[in-house]
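What follows is a short report on a single structure.
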Amino acid sequence: MEVMLKPVTVDNWYACSRLKVKKEQLAVFPAPVVNWIAEAKYVHEFELIAIYCKEELVGFIVYCPEPDQEGNCWIPAVMIDGEHQGKGYARAALKQLIDLMSPASGRIMIGHRPENHAAAALYESLGFKKVSEELIDGEIVRLLQVG
């Protein structure tokens, strides 16, 4: 599988904004991609990555390459378009992103809603461990120690 990560730019931001999860997933991924794009531009220092398989846009990732006050780098959102799910794109993209991020602190955090069992299974399989049994802002937060 040929998955490539490309920055979100003036050339592909609109196509990224058209990505959508399946209707039944709106409860676990309620924010449309365009909200993440706006938040990255005007609120937070997020980096935006488009996920491509060959030349086809299949997904989107939001990440924070700079550590927070506790030394954690974050991946706030991972989304694969509903038509492209179940093909291993998220796993391949996250593996590449983890290598790309390689924070000096060695700590990458990611969260997901409790009912998002697919995300939980994926993140666990990549080595992300639950930080606590308590929800943080309605999400289960996981930590990956790198290096």
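All residue names refer to the structure tokens as shown: chains lettered A, B, ... in order, residues numbered from 1 in each chain, ligands numbered from 1 in order.
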
Requested in this report: From chain A, collect each residue whose DSSP state is helix (DSSP H, G or I) and return the set as a PyMOL selection string.
Outcome: chain A and resi 13-17+23-25+33-42+82-84+89-101+117-125

Save out the residues we just selected, N, CA and C atoms, as a short mmCIF file (atom, residue, chain, number, x, y, z; two decimals), in the first residue's frame.
data_model
loop_
_atom_site.label_atom_id
_atom_site.label_comp_id
_atom_site.auth_asym_id
_atom_site.auth_seq_id
_atom_site.Cartn_x
_atom_site.Cartn_y
_atom_site.Cartn_z
N TRP A 13 -6.46 22.23 0.37
CA TRP A 13 -7.28 22.44 1.56
C TRP A 13 -8.77 22.24 1.29
N TYR A 14 -9.23 22.67 0.12
CA TYR A 14 -10.66 22.53 -0.17
C TYR A 14 -11.04 21.05 -0.33
N ALA A 15 -10.22 20.29 -1.00
CA ALA A 15 -10.47 18.85 -1.13
C ALA A 15 -10.48 18.19 0.25
N CYS A 16 -9.57 18.62 1.13
CA CYS A 16 -9.56 18.09 2.50
C CYS A 16 -10.86 18.43 3.22
N SER A 17 -11.37 19.64 3.00
CA SER A 17 -12.59 20.06 3.68
C SER A 17 -13.81 19.24 3.25
N LYS A 23 -21.98 8.50 8.14
CA LYS A 23 -23.05 9.15 8.90
C LYS A 23 -23.13 8.64 10.33
N GLU A 24 -23.00 7.33 10.50
CA GLU A 24 -23.11 6.74 11.84
C GLU A 24 -21.90 7.05 12.72
N GLN A 25 -20.87 7.68 12.17
CA GLN A 25 -19.68 8.03 12.94
C GLN A 25 -19.66 9.49 13.40
N VAL A 33 -13.79 18.59 8.93
CA VAL A 33 -12.39 18.92 8.66
C VAL A 33 -12.19 20.43 8.52
N VAL A 34 -13.14 21.12 7.93
CA VAL A 34 -12.99 22.56 7.75
C VAL A 34 -12.81 23.27 9.10
N ASN A 35 -13.42 22.75 10.16
CA ASN A 35 -13.22 23.34 11.49
C ASN A 35 -11.77 23.20 11.93
N TRP A 36 -11.17 22.03 11.68
CA TRP A 36 -9.77 21.83 12.04
C TRP A 36 -8.86 22.76 11.25
N ILE A 37 -9.19 22.96 9.98
CA ILE A 37 -8.39 23.86 9.14
C ILE A 37 -8.45 25.28 9.69
N ALA A 38 -9.64 25.73 10.03
CA ALA A 38 -9.81 27.08 10.59
C ALA A 38 -9.10 27.20 11.93
N GLU A 39 -9.24 26.19 12.78
CA GLU A 39 -8.60 26.24 14.09
C GLU A 39 -7.08 26.30 13.95
N ALA A 40 -6.53 25.55 13.01
CA ALA A 40 -5.08 25.57 12.79
C ALA A 40 -4.63 26.93 12.29
N LYS A 41 -5.44 27.54 11.48
CA LYS A 41 -5.08 28.84 10.89
C LYS A 41 -5.18 29.98 11.90
N TYR A 42 -6.21 29.92 12.77
CA TYR A 42 -6.51 31.09 13.60
C TYR A 42 -6.41 30.90 15.10
N GLY A 82 -15.09 8.24 4.87
CA GLY A 82 -15.96 7.07 4.99
C GLY A 82 -15.82 6.07 3.87
N GLU A 83 -15.57 6.54 2.66
CA GLU A 83 -15.45 5.64 1.51
C GLU A 83 -14.12 4.88 1.47
N HIS A 84 -13.18 5.29 2.31
CA HIS A 84 -11.84 4.69 2.26
C HIS A 84 -11.46 3.97 3.55
N TYR A 89 -5.28 2.59 5.84
CA TYR A 89 -4.68 3.91 5.60
C TYR A 89 -4.31 4.63 6.90
N ALA A 90 -5.17 4.56 7.90
CA ALA A 90 -4.89 5.25 9.17
C ALA A 90 -3.64 4.67 9.83
N ARG A 91 -3.53 3.36 9.86
CA ARG A 91 -2.36 2.71 10.46
C ARG A 91 -1.08 3.14 9.73
N ALA A 92 -1.09 3.05 8.41
CA ALA A 92 0.10 3.40 7.62
C ALA A 92 0.45 4.88 7.82
N ALA A 93 -0.55 5.74 7.82
CA ALA A 93 -0.31 7.17 7.99
C ALA A 93 0.22 7.48 9.39
N LEU A 94 -0.36 6.85 10.41
CA LEU A 94 0.11 7.11 11.78
C LEU A 94 1.55 6.63 11.98
N LYS A 95 1.89 5.49 11.41
CA LYS A 95 3.28 5.03 11.52
C LYS A 95 4.24 6.04 10.91
N GLN A 96 3.88 6.58 9.75
CA GLN A 96 4.73 7.59 9.11
C GLN A 96 4.79 8.87 9.96
N LEU A 97 3.64 9.28 10.50
CA LEU A 97 3.60 10.50 11.29
C LEU A 97 4.42 10.36 12.57
N ILE A 98 4.33 9.22 13.22
CA ILE A 98 5.11 8.99 14.44
C ILE A 98 6.60 9.12 14.14
N ASP A 99 7.04 8.54 13.03
CA ASP A 99 8.44 8.68 12.62
C ASP A 99 8.79 10.13 12.32
N LEU A 100 7.88 10.83 11.68
CA LEU A 100 8.09 12.23 11.33
C LEU A 100 8.16 13.12 12.57
N MET A 101 7.28 12.88 13.53
CA MET A 101 7.23 13.71 14.73
C MET A 101 8.44 13.49 15.60
N HIS A 117 -14.51 2.47 19.08
CA HIS A 117 -13.77 1.23 19.30
C HIS A 117 -12.71 0.97 18.23
N ALA A 118 -12.97 1.42 17.00
CA ALA A 118 -11.98 1.24 15.93
C ALA A 118 -10.72 2.04 16.24
N ALA A 119 -10.89 3.28 16.69
CA ALA A 119 -9.73 4.11 17.06
C ALA A 119 -8.99 3.49 18.24
N ALA A 120 -9.73 3.03 19.24
CA ALA A 120 -9.10 2.42 20.42
C ALA A 120 -8.23 1.23 20.01
N ALA A 121 -8.77 0.36 19.17
CA ALA A 121 -8.02 -0.82 18.74
C ALA A 121 -6.79 -0.43 17.93
N LEU A 122 -6.95 0.53 17.03
CA LEU A 122 -5.82 0.98 16.21
C LEU A 122 -4.72 1.57 17.09
N TYR A 123 -5.08 2.49 17.97
CA TYR A 123 -4.08 3.17 18.80
C TYR A 123 -3.38 2.18 19.73
N GLU A 124 -4.13 1.25 20.31
CA GLU A 124 -3.52 0.23 21.17
C GLU A 124 -2.54 -0.62 20.38
N SER A 125 -2.91 -0.98 19.15
CA SER A 125 -2.03 -1.84 18.34
C SER A 125 -0.74 -1.13 17.95
#

Requested in this report: Could you give me, as a count of residues only, the residues within 9 Å of Glu2 (chain A), counting only C-alpha atoms and dropping anything in the same chain fewer than 4 positions from it?
Outcome: 4

Requested in this report: Write down as a VMD selection string the residues of region 27-143 of chain A whose backbone DSSP state falls under strand (DSSP E or B).
Outcome: chain A and resid 47 to 53 56 to 64 73 to 80 107 to 112 129 to 130 136 139 to 143

Let's have the selection written as a CSV table (one decimal), in the first residue's frame, with N, CA and C atoms.
chain,number,residue,atom,x,y,z
A,47,GLU,N,-0.4,21.5,12.9
A,47,GLU,CA,0.0,21.1,11.6
A,47,GLU,C,-1.0,20.2,11.0
A,48,LEU,N,-1.3,20.4,9.7
A,48,LEU,CA,-2.3,19.6,9.0
A,48,LEU,C,-1.7,18.8,8.0
A,49,ILE,N,-2.0,17.5,7.9
A,49,ILE,CA,-1.5,16.6,7.0
A,49,ILE,C,-2.6,15.9,6.2
A,50,ALA,N,-2.5,15.9,4.9
A,50,ALA,CA,-3.4,15.1,4.1
A,50,ALA,C,-2.8,13.7,3.8
A,51,ILE,N,-3.7,12.7,3.9
A,51,ILE,CA,-3.3,11.3,3.6
A,51,ILE,C,-3.7,11.0,2.2
A,52,TYR,N,-2.8,10.5,1.4
A,52,TYR,CA,-3.1,10.1,0.0
A,52,TYR,C,-2.7,8.6,-0.2
A,53,CYS,N,-3.5,8.0,-1.0
A,53,CYS,CA,-3.1,6.6,-1.4
A,53,CYS,C,-2.9,6.8,-2.9
A,56,GLU,N,-4.8,9.7,-4.7
A,56,GLU,CA,-6.2,9.9,-4.2
A,56,GLU,C,-6.2,10.4,-2.7
A,57,LEU,N,-6.8,11.5,-2.4
A,57,LEU,CA,-6.9,11.9,-1.0
A,57,LEU,C,-7.9,11.0,-0.3
A,58,VAL,N,-7.4,10.4,0.8
A,58,VAL,CA,-8.2,9.5,1.6
A,58,VAL,C,-8.4,9.9,3.0
A,59,GLY,N,-7.7,10.8,3.6
A,59,GLY,CA,-7.8,11.2,5.0
A,59,GLY,C,-7.0,12.4,5.4
A,60,PHE,N,-7.0,12.7,6.7
A,60,PHE,CA,-6.6,13.9,7.2
A,60,PHE,C,-6.1,13.7,8.6
A,61,ILE,N,-5.0,14.3,9.0
A,61,ILE,CA,-4.5,14.3,10.4
A,61,ILE,C,-4.1,15.7,10.9
A,62,VAL,N,-4.4,15.9,12.1
A,62,VAL,CA,-4.0,17.2,12.8
A,62,VAL,C,-3.0,16.8,13.9
A,63,TYR,N,-1.9,17.5,13.9
A,63,TYR,CA,-0.9,17.2,15.0
A,63,TYR,C,-0.2,18.4,15.4
A,64,CYS,N,0.4,18.3,16.6
A,64,CYS,CA,1.1,19.4,17.2
A,64,CYS,C,2.6,19.0,17.4
A,73,CYS,N,3.8,15.8,22.8
A,73,CYS,CA,3.3,16.2,21.5
A,73,CYS,C,2.0,15.5,21.3
A,74,TRP,N,1.0,16.2,20.6
A,74,TRP,CA,-0.3,15.7,20.5
A,74,TRP,C,-0.7,15.4,19.0
A,75,ILE,N,-1.6,14.5,18.9
A,75,ILE,CA,-2.3,14.2,17.6
A,75,ILE,C,-3.8,14.4,18.0
A,76,PRO,N,-4.4,15.6,17.7
A,76,PRO,CA,-5.8,15.8,18.1
A,76,PRO,C,-6.8,15.1,17.2
A,77,ALA,N,-6.4,14.8,16.0
A,77,ALA,CA,-7.5,14.3,15.1
A,77,ALA,C,-6.8,13.4,14.0
A,78,VAL,N,-7.5,12.2,13.8
A,78,VAL,CA,-7.1,11.3,12.7
A,78,VAL,C,-8.4,11.0,12.0
A,79,MET,N,-8.6,11.2,10.7
A,79,MET,CA,-9.8,10.9,10.0
A,79,MET,C,-9.6,10.4,8.7
A,80,ILE,N,-10.2,9.2,8.4
A,80,ILE,CA,-10.2,8.6,7.1
A,80,ILE,C,-11.6,8.8,6.5
A,107,ARG,N,7.3,11.6,23.9
A,107,ARG,CA,5.9,11.4,24.3
A,107,ARG,C,4.9,11.9,23.3
A,108,ILE,N,4.1,11.0,22.7
A,108,ILE,CA,3.0,11.5,21.8
A,108,ILE,C,1.7,11.1,22.4
A,109,MET,N,0.8,12.0,22.5
A,109,MET,CA,-0.5,11.8,23.1
A,109,MET,C,-1.6,11.8,22.0
A,110,ILE,N,-2.6,11.0,22.2
A,110,ILE,CA,-3.7,10.9,21.2
A,110,ILE,C,-5.0,10.6,22.1
A,111,GLY,N,-6.1,11.1,21.6
A,111,GLY,CA,-7.4,10.9,22.3
A,111,GLY,C,-8.4,10.4,21.4
A,112,HIS,N,-9.4,9.7,21.9
A,112,HIS,CA,-10.6,9.3,21.2
A,112,HIS,C,-11.8,9.2,22.1
A,129,LYS,N,-0.8,3.6,25.1
A,129,LYS,CA,-1.4,3.1,26.3
A,129,LYS,C,-2.3,4.2,27.0
A,130,LYS,N,-3.4,3.7,27.6
A,130,LYS,CA,-4.3,4.6,28.3
A,130,LYS,C,-3.5,5.3,29.4
A,136,ILE,N,-10.9,12.7,29.7
A,136,ILE,CA,-10.4,14.1,29.7
A,136,ILE,C,-11.1,14.8,28.5
A,139,GLU,N,-12.9,12.4,26.3
A,139,GLU,CA,-12.1,11.4,25.6
A,139,GLU,C,-11.2,10.5,26.4
A,140,ILE,N,-10.9,9.4,25.9
A,140,ILE,CA,-9.9,8.5,26.5
A,140,ILE,C,-8.5,9.0,25.9
A,141,VAL,N,-7.6,9.3,26.8
A,141,VAL,CA,-6.3,9.8,26.3
A,141,VAL,C,-5.3,8.7,26.4
A,142,ARG,N,-4.4,8.6,25.4
A,142,ARG,CA,-3.4,7.6,25.3
A,142,ARG,C,-2.0,8.2,25.1
A,143,LEU,N,-1.0,7.5,25.5
A,143,LEU,CA,0.4,7.9,25.4
A,143,LEU,C,1.2,6.9,24.7

Query raised in the report: Contacts of Val28 (chain A) at 8 Å or less, counting only C-alpha atoms, minus same-chain residues fewer than 4 places along, as a PyMOL selection string?
Result: chain A and resi 112-113+115-116

Those selected residues, please, written with N, CA and C atoms and delivered as a compact mmCIF listing (two decimals), in the first residue's frame.
# COMPACT_ATOMS: atom_id res chain seq x y z
N HIS A 112 -9.43 9.72 21.94
CA HIS A 112 -10.59 9.27 21.17
C HIS A 112 -11.79 9.16 22.09
N ARG A 113 -12.95 9.26 21.53
CA ARG A 113 -14.17 9.11 22.31
C ARG A 113 -14.32 7.64 22.73
N GLU A 115 -16.68 5.55 22.73
CA GLU A 115 -17.44 4.67 21.83
C GLU A 115 -16.75 4.43 20.49
N ASN A 116 -15.60 5.06 20.27
CA ASN A 116 -14.86 4.86 19.02
C ASN A 116 -13.93 3.65 19.18
